[in-house]
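A.B. asks: Below is a structure I'd like to ask you about.
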Amino acid sequence: MTDGPLIVQSDKSILLEVDHPRADDARRAIAPFAELERAPEHVHTYRLTSLGLWNARAAGHDAEQVVNTLIEYSRYPVPHALLIDVAETMGRYGRLTLATHPTHGLVLESTDRAVLAEVLKSKRTAGLVGDRVDEQTVVVHPSERGHLKQVLVKLGWPAEDLAGYVDGEKHEIELSPTTHPRTAHEEPKAWEMRPYQAQAVDGFWHGGSGVVVLPCGAGKTIVGAGAMAKSGTTTLILVTNTVSARQWRDELVRRTTLTEDEIGEYSGSRKEIKPVTIATYQVLTTKRKGVYSHLELLDARDWGLILYDEVHLLPAPIFRMTADLQARRRLGLTATLVREDGREDEVFSLIGPKRYDAPWKDIEAQGYIAPADCVEVRLTLPEHERMLYATAEPEDKYRLAACAPGKNRVVERIVAQHPDDQVLVIGQYLDQLEELSAHLDAPLITGATTVRERQRLFEEFRSGEISRLVVSKVANFSIDLPEASVAIQVSGSFGSRQEEAQRLGRVMRPKADGRTAHFYAVVARDTVDQDFAAHRQRFLAEQGYAYRIVDAEDLDSPAPA
């Protein structure tokens, strides 16, 4: 037995003792291949999965490195069967490779004839491949490159894609050493990429295509700009909504050599195609007479790079479209690879492996995102509301609990505790939000609010003209409100973990005075609202954020600084 910081167990879980002197070294060593499951205060739990080991193999780590790392840092002998399983799982990646043949074009090759025979025998590969070139090579229809990769992951034989990328149309983009002022009163400021942002860009570029995972507020847009500068080509950027598209445009103009004339917006209101084009997922997935009417955008230029913002939200049709874009470099950006639909393997096969991942608490420790105090406020329903809830149909119960009238008073009391803070109130149900907006005398932003009005209100909130804003789920993603320091969630998308992470992310931008951010979830006690809240909090608990539970009656006690 050695005094290592890890305990490696036969069920493929790895426990890391956080306070051990070698904990940081061990965490860095296992990060490329082990997936963090839970990260509370003292013991972090990681897990070895096939997808995690294949991600590591794709990034250039071999089984010997993984095995040696586990043995070096483990306190107890590592189970022999687990080491064999690690070696065999990693050995599956790359036995099949996609390559470009000088005469036959795109081919699937294997050094192991039995593996090739096994996958060709599967009904799933029928129609995706053509004639055999020889015993170790089969022709692949170029249009099926993505679909074949998806199928091979599901068969347990992920292919290494070495078929390369088209160069794309050249378009010079460089990062500016100073920011370009947005207003006449703003001074240019010197800036450079933070170390972890530069590492993320290098990890992506070395790998060719893939996903970068960074906390909300850690500057994923800068990573995207860095990748664009590396590529020096025309770029298609796919984002969640029009407000996000305009924030991307503003940030690119502010920090790169691009001008507004070089950046086009392709949304519900505008259809501009320029060397850098920013399109919304919604417009790409719009159907007319059963046909996706904007698919031509994907071929409108010879794109050298395609950027996917909030990759965990990619709609299913975008996956299908991405399957046809395998010859172009692809970069996915996200705060969490958690997908409520469980399609993480499709992100791996179609966007690419995870190329960089930074735990939230690490970035917080470096001072790049604000520390956060998370509080669950539990409200006891009055007797008549409890009876109404108890006798309601199952499908009506969440809405009844989430929209409990008593939440209005709770929100007012929380807001009163933060008189000098910029406060966001976030919810799911419009009638509830309209009531709160009236109670707090605060503007309301919903899906029906025009883009122009949203931008005006967001700008007034940023400048401090207004200090309270009530928002529906349109503000979950990609909204840059650096001054927001308090978020109050009154209802959500049932048990969505990634929504909880995104909503906390609204207040994570570092504050000029170093203040702690506050995130409140107001829930109705002994209802499905409380059950869903526990599920939503799982991802943040995994990142080390502990929720304090406070009774609504005790709210008058001061919040911690």
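Each chain in the structure tokens gets a letter, A, B, ..., in the order shown, and its residues are numbered from 1; ligands are numbered from 1 in order too.
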Give me every strand (DSSP E or B) residue in segment 235-301 of chain A, going by DSSP on the backbone, as a list in words.
C.D. replies: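 Residues meeting the strand (DSSP E or B) criterion: Thr235, Leu236, Ile237, Leu238, Val239, Thr256, Ile263, Gly264, Glu265, Tyr266, Lys271, Val276, Thr277, Ile278, Ala279, Thr280, Lys287, Arg288, Val291 and Tyr292 of chain A.
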A.B. asks: Fewer than 6 positions away in the same chain doesn't count, so skip those; otherwise give me all residues within 10 Å of Ala26 of chain A, counting only C-alpha atoms, as a list in words.
C.D. replies: Gly4, Pro5, Leu6, Leu16, Glu17, Val18, His20, Thr69, Leu70, Glu72, Tyr73 and Ser74 of chain A
A.B. asks: Take the residues that were just selected and, keeping N, CA, C and O atoms, output them as a PDB file, in the first residue's frame.
C.D. replies:
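Output file again_0.pdb follows:
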ATOM      1  N   GLY A   4      -1.156   7.062  -1.728  1.00  0.00           N
ATOM      2  CA  GLY A   4      -1.636   7.812  -2.889  1.00  0.00           C
ATOM      3  C   GLY A   4      -2.964   8.485  -2.609  1.00  0.00           C
ATOM      4  O   GLY A   4      -3.692   8.110  -1.687  1.00  0.00           O
ATOM      5  N   PRO A   5      -3.335   9.489  -3.425  1.00  0.00           N
ATOM      6  CA  PRO A   5      -4.594  10.210  -3.206  1.00  0.00           C
ATOM      7  C   PRO A   5      -5.810   9.510  -3.828  1.00  0.00           C
ATOM      8  O   PRO A   5      -6.934   9.946  -3.621  1.00  0.00           O
ATOM      9  N   LEU A   6      -5.584   8.446  -4.635  1.00  0.00           N
ATOM     10  CA  LEU A   6      -6.694   7.786  -5.337  1.00  0.00           C
ATOM     11  C   LEU A   6      -7.034   6.438  -4.712  1.00  0.00           C
ATOM     12  O   LEU A   6      -6.151   5.728  -4.212  1.00  0.00           O
ATOM     13  N   LEU A  16     -11.019  10.407  -5.284  1.00  0.00           N
ATOM     14  CA  LEU A  16      -9.865  11.294  -5.121  1.00  0.00           C
ATOM     15  C   LEU A  16     -10.017  12.055  -3.809  1.00  0.00           C
ATOM     16  O   LEU A  16     -10.999  12.781  -3.603  1.00  0.00           O
ATOM     17  N   GLU A  17      -9.029  11.902  -2.910  1.00  0.00           N
ATOM     18  CA  GLU A  17      -9.032  12.636  -1.645  1.00  0.00           C
ATOM     19  C   GLU A  17      -8.497  14.046  -1.898  1.00  0.00           C
ATOM     20  O   GLU A  17      -7.319  14.249  -2.160  1.00  0.00           O
ATOM     21  N   VAL A  18      -9.392  15.020  -1.825  1.00  0.00           N
ATOM     22  CA  VAL A  18      -9.087  16.386  -2.260  1.00  0.00           C
ATOM     23  C   VAL A  18      -7.975  17.039  -1.427  1.00  0.00           C
ATOM     24  O   VAL A  18      -7.169  17.809  -1.953  1.00  0.00           O
ATOM     25  N   HIS A  20      -5.409  15.679  -0.023  1.00  0.00           N
ATOM     26  CA  HIS A  20      -4.113  14.982  -0.077  1.00  0.00           C
ATOM     27  C   HIS A  20      -3.069  15.887  -0.742  1.00  0.00           C
ATOM     28  O   HIS A  20      -3.379  16.604  -1.699  1.00  0.00           O
ATOM     29  N   THR A  69      -0.686   5.658 -14.676  1.00  0.00           N
ATOM     30  CA  THR A  69      -1.229   6.739 -13.837  1.00  0.00           C
ATOM     31  C   THR A  69      -2.047   6.163 -12.680  1.00  0.00           C
ATOM     32  O   THR A  69      -1.915   6.587 -11.523  1.00  0.00           O
ATOM     33  N   LEU A  70      -2.921   5.191 -12.997  1.00  0.00           N
ATOM     34  CA  LEU A  70      -3.752   4.591 -11.949  1.00  0.00           C
ATOM     35  C   LEU A  70      -2.891   3.916 -10.886  1.00  0.00           C
ATOM     36  O   LEU A  70      -3.128   4.057  -9.682  1.00  0.00           O
ATOM     37  N   GLU A  72       0.337   4.518 -10.193  1.00  0.00           N
ATOM     38  CA  GLU A  72       1.195   5.483  -9.498  1.00  0.00           C
ATOM     39  C   GLU A  72       0.471   6.213  -8.375  1.00  0.00           C
ATOM     40  O   GLU A  72       1.038   6.439  -7.296  1.00  0.00           O
ATOM     41  N   TYR A  73      -0.801   6.599  -8.604  1.00  0.00           N
ATOM     42  CA  TYR A  73      -1.493   7.445  -7.632  1.00  0.00           C
ATOM     43  C   TYR A  73      -2.454   6.671  -6.723  1.00  0.00           C
ATOM     44  O   TYR A  73      -3.054   7.258  -5.823  1.00  0.00           O
ATOM     45  N   SER A  74      -2.606   5.360  -6.947  1.00  0.00           N
ATOM     46  CA  SER A  74      -3.576   4.602  -6.161  1.00  0.00           C
ATOM     47  C   SER A  74      -3.017   4.223  -4.791  1.00  0.00           C
ATOM     48  O   SER A  74      -1.866   3.806  -4.671  1.00  0.00           O
TER      49      SER A  74
END
A.B. asks: If we count only C-alpha atoms and set the cut-off at 7 Å, which residues sit around Val471 of chain A, ignoring sequence neighbours fewer than 6 positions away in its own chain? Please answer as a PDB file with C-alpha atoms, in the first residue's frame.
C.D. replies:
ATOM      1  CA  VAL A 425     -35.807  36.415 -11.532  1.00  0.00           C
ATOM      2  CA  ILE A 426     -36.058  33.381 -13.817  1.00  0.00           C
ATOM      3  CA  GLY A 427     -39.021  31.072 -14.437  1.00  0.00           C
ATOM      4  CA  LEU A 444     -40.407  41.205 -18.153  1.00  0.00           C
ATOM      5  CA  ILE A 445     -38.611  39.467 -21.043  1.00  0.00           C
ATOM      6  CA  THR A 446     -40.265  36.434 -22.686  1.00  0.00           C
TER       7      THR A 446
END
A.B. asks: Find the residues around Val486 of chain A up to 8 Å (only C-alpha atoms counted), leave out those fewer than 6 positions away in its own chain, and share them as a ChimeraX atom specification.
C.D. replies: /A:418,421-424,507,517-520
A.B. asks: Going by DSSP on the backbone, which bits of segment 426-457 of chain A are helix (DSSP H, G or I)? Write them as a list in words, please.
C.D. replies: Leu430, Asp431, Gln432, Leu433, Glu434, Glu435, Leu436, Ser437, Ala438, His439, Leu440, Val451, Arg452, Glu453, Arg454, Gln455, Arg456 and Leu457 of chain A
A.B. asks: Taking into account only C-alpha atoms, which residue in the set A:Val213, A:Val522, A:Val138, A:Ile7 is nearest to Val201 of chain A?
C.D. replies: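 Among the listed residues, the smallest separation from Val201 of chain A belongs to A:Val213.
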A.B. asks: Please identify all polymer residues within 6 Å of Arg525 of chain A, counting only C-alpha atoms, omitting same-chain residues fewer than 6 positions from it, and present them as a PyMOL selection string.
C.D. replies: chain A and resi 378-380
A.B. asks: Could you name the residues that touch Gly219 of chain A at 12 Å or less, counting only C-alpha atoms, but leaving out those on the same chain fewer than 5 positions away, as a ChimeraX atom specification?
C.D. replies: /A:192-198,200-201,212-214,224-226,248,251,309,333-335,363,368-369,478,480,482,505,508-510
A.B. asks: Produce a file of the selected residues containing N, CA, C and O atoms, as a short mmCIF file (atom, residue, chain, number, x, y, z; two decimals), in the first residue's frame.
C.D. replies:
data_model
loop_
_atom_site.label_atom_id
_atom_site.label_comp_id
_atom_site.auth_asym_id
_atom_site.auth_seq_id
_atom_site.Cartn_x
_atom_site.Cartn_y
_atom_site.Cartn_z
N GLU A 192 -5.34 39.76 -23.45
CA GLU A 192 -4.82 38.55 -24.08
C GLU A 192 -5.63 37.36 -23.57
O GLU A 192 -6.30 37.47 -22.53
N MET A 193 -5.55 36.27 -24.30
CA MET A 193 -6.28 35.08 -23.86
C MET A 193 -5.76 34.60 -22.52
O MET A 193 -4.56 34.63 -22.26
N ARG A 194 -6.67 34.15 -21.67
CA ARG A 194 -6.26 33.54 -20.41
C ARG A 194 -5.57 32.20 -20.71
O ARG A 194 -5.85 31.58 -21.74
N PRO A 195 -4.69 31.74 -19.81
CA PRO A 195 -3.95 30.50 -20.10
C PRO A 195 -4.84 29.33 -20.46
O PRO A 195 -4.56 28.59 -21.41
N TYR A 196 -5.96 29.15 -19.73
CA TYR A 196 -6.80 27.98 -20.02
C TYR A 196 -7.51 28.13 -21.38
O TYR A 196 -7.77 27.14 -22.06
N GLN A 197 -7.79 29.38 -21.79
CA GLN A 197 -8.41 29.59 -23.11
C GLN A 197 -7.43 29.21 -24.22
O GLN A 197 -7.81 28.55 -25.20
N ALA A 198 -6.16 29.61 -24.05
CA ALA A 198 -5.13 29.27 -25.05
C ALA A 198 -4.93 27.76 -25.10
O ALA A 198 -4.79 27.17 -26.19
N ALA A 200 -7.18 25.51 -24.42
CA ALA A 200 -8.37 24.94 -25.07
C ALA A 200 -8.26 25.05 -26.59
O ALA A 200 -8.57 24.09 -27.31
N VAL A 201 -7.82 26.21 -27.08
CA VAL A 201 -7.67 26.39 -28.53
C VAL A 201 -6.63 25.41 -29.08
O VAL A 201 -6.85 24.76 -30.11
N VAL A 212 -14.97 21.77 -26.50
CA VAL A 212 -14.31 22.43 -25.37
C VAL A 212 -15.37 22.70 -24.31
O VAL A 212 -16.42 23.28 -24.60
N VAL A 213 -15.11 22.23 -23.07
CA VAL A 213 -16.05 22.39 -21.96
C VAL A 213 -15.48 23.40 -20.96
O VAL A 213 -14.43 23.16 -20.37
N LEU A 214 -16.16 24.53 -20.81
CA LEU A 214 -15.73 25.58 -19.87
C LEU A 214 -16.95 26.10 -19.12
O LEU A 214 -18.06 26.13 -19.68
N GLY A 224 -13.67 30.48 -29.10
CA GLY A 224 -14.14 30.43 -30.49
C GLY A 224 -13.37 31.39 -31.38
O GLY A 224 -12.94 31.03 -32.48
N ALA A 225 -13.14 32.62 -30.89
CA ALA A 225 -12.38 33.61 -31.66
C ALA A 225 -10.95 33.14 -31.89
O ALA A 225 -10.38 33.32 -32.98
N GLY A 226 -10.35 32.51 -30.85
CA GLY A 226 -8.99 31.99 -30.99
C GLY A 226 -8.90 30.89 -32.03
O GLY A 226 -7.95 30.83 -32.82
N TRP A 248 -22.28 37.55 -30.02
CA TRP A 248 -21.11 36.98 -30.70
C TRP A 248 -20.51 38.02 -31.65
O TRP A 248 -19.30 38.24 -31.67
N GLU A 251 -18.73 40.79 -29.75
CA GLU A 251 -17.49 40.34 -29.12
C GLU A 251 -16.39 40.12 -30.16
O GLU A 251 -15.22 40.43 -29.94
N ASP A 309 -22.23 26.74 -30.68
CA ASP A 309 -22.33 27.27 -29.32
C ASP A 309 -23.36 26.45 -28.55
O ASP A 309 -24.35 26.00 -29.14
N LEU A 333 -18.77 24.21 -28.28
CA LEU A 333 -18.51 24.94 -27.03
C LEU A 333 -19.67 24.70 -26.08
O LEU A 333 -20.83 24.76 -26.50
N THR A 334 -19.38 24.43 -24.82
CA THR A 334 -20.46 24.17 -23.86
C THR A 334 -19.95 24.31 -22.43
O THR A 334 -18.74 24.23 -22.18
N ALA A 335 -20.89 24.53 -21.50
CA ALA A 335 -20.53 24.53 -20.08
C ALA A 335 -20.72 23.14 -19.49
O ALA A 335 -20.20 22.83 -18.43
N ILE A 363 -11.47 27.10 -12.20
CA ILE A 363 -11.53 28.44 -12.81
C ILE A 363 -11.89 29.48 -11.75
O ILE A 363 -11.38 30.61 -11.75
N TYR A 368 -11.33 33.74 -12.21
CA TYR A 368 -11.93 34.10 -13.50
C TYR A 368 -13.46 33.99 -13.51
O TYR A 368 -14.12 34.48 -14.41
N ILE A 369 -14.04 33.27 -12.51
CA ILE A 369 -15.49 33.31 -12.34
C ILE A 369 -15.76 33.56 -10.85
O ILE A 369 -14.91 33.28 -10.00
N SER A 478 -26.45 31.90 -23.24
CA SER A 478 -25.68 32.83 -24.08
C SER A 478 -26.03 34.30 -23.88
O SER A 478 -25.86 35.08 -24.80
N ASP A 480 -25.09 37.63 -21.99
CA ASP A 480 -23.96 38.16 -21.25
C ASP A 480 -24.43 39.33 -20.36
O ASP A 480 -24.65 40.42 -20.85
N PRO A 482 -22.86 40.62 -17.18
CA PRO A 482 -21.80 40.47 -16.19
C PRO A 482 -22.13 41.07 -14.82
O PRO A 482 -21.58 40.64 -13.82
N GLY A 505 -25.00 30.04 -14.15
CA GLY A 505 -24.01 30.71 -14.99
C GLY A 505 -24.33 32.16 -15.29
O GLY A 505 -23.43 32.96 -15.57
N MET A 508 -22.31 34.14 -12.76
CA MET A 508 -20.95 33.69 -12.46
C MET A 508 -19.86 34.61 -12.98
O MET A 508 -18.69 34.40 -12.66
N ARG A 509 -20.20 35.59 -13.81
CA ARG A 509 -19.15 36.49 -14.30
C ARG A 509 -18.47 37.15 -13.09
O ARG A 509 -19.16 37.55 -12.15
N PRO A 510 -17.15 37.26 -13.09
CA PRO A 510 -16.48 37.83 -11.92
C PRO A 510 -16.91 39.28 -11.70
O PRO A 510 -17.07 40.04 -12.66
#
A.B. asks: Thr242 of chain A: which residues within 9 Å, counting only C-alpha atoms, same-chain residues fewer than 3 positions away excluded, as a list in words?
C.D. replies: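 Once the adjacent positions are removed, what remains is Val239, Ala245, Arg246, Gln247, Glu265, Tyr266, Ser267, Gly268, Ser269, Ala279, Thr280 and Val451 of chain A.
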A.B. asks: Could you tell me which of A:Val153, A:Leu481, A:Val375, A:Leu106 comes closest to Val347 of chain A if we count only C-alpha atoms?
C.D. replies: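 Looking at the shortest contact to Val347 of chain A, the residue is A:Val153.
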A.B. asks: Could you tell me which of A:Leu116, A:Arg182, A:Thr240, A:Val151 comes closest to Gln282 of chain A if we count only C-alpha atoms?
C.D. replies: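 Distance minimum relative to Gln282 of chain A lands on A:Thr240.
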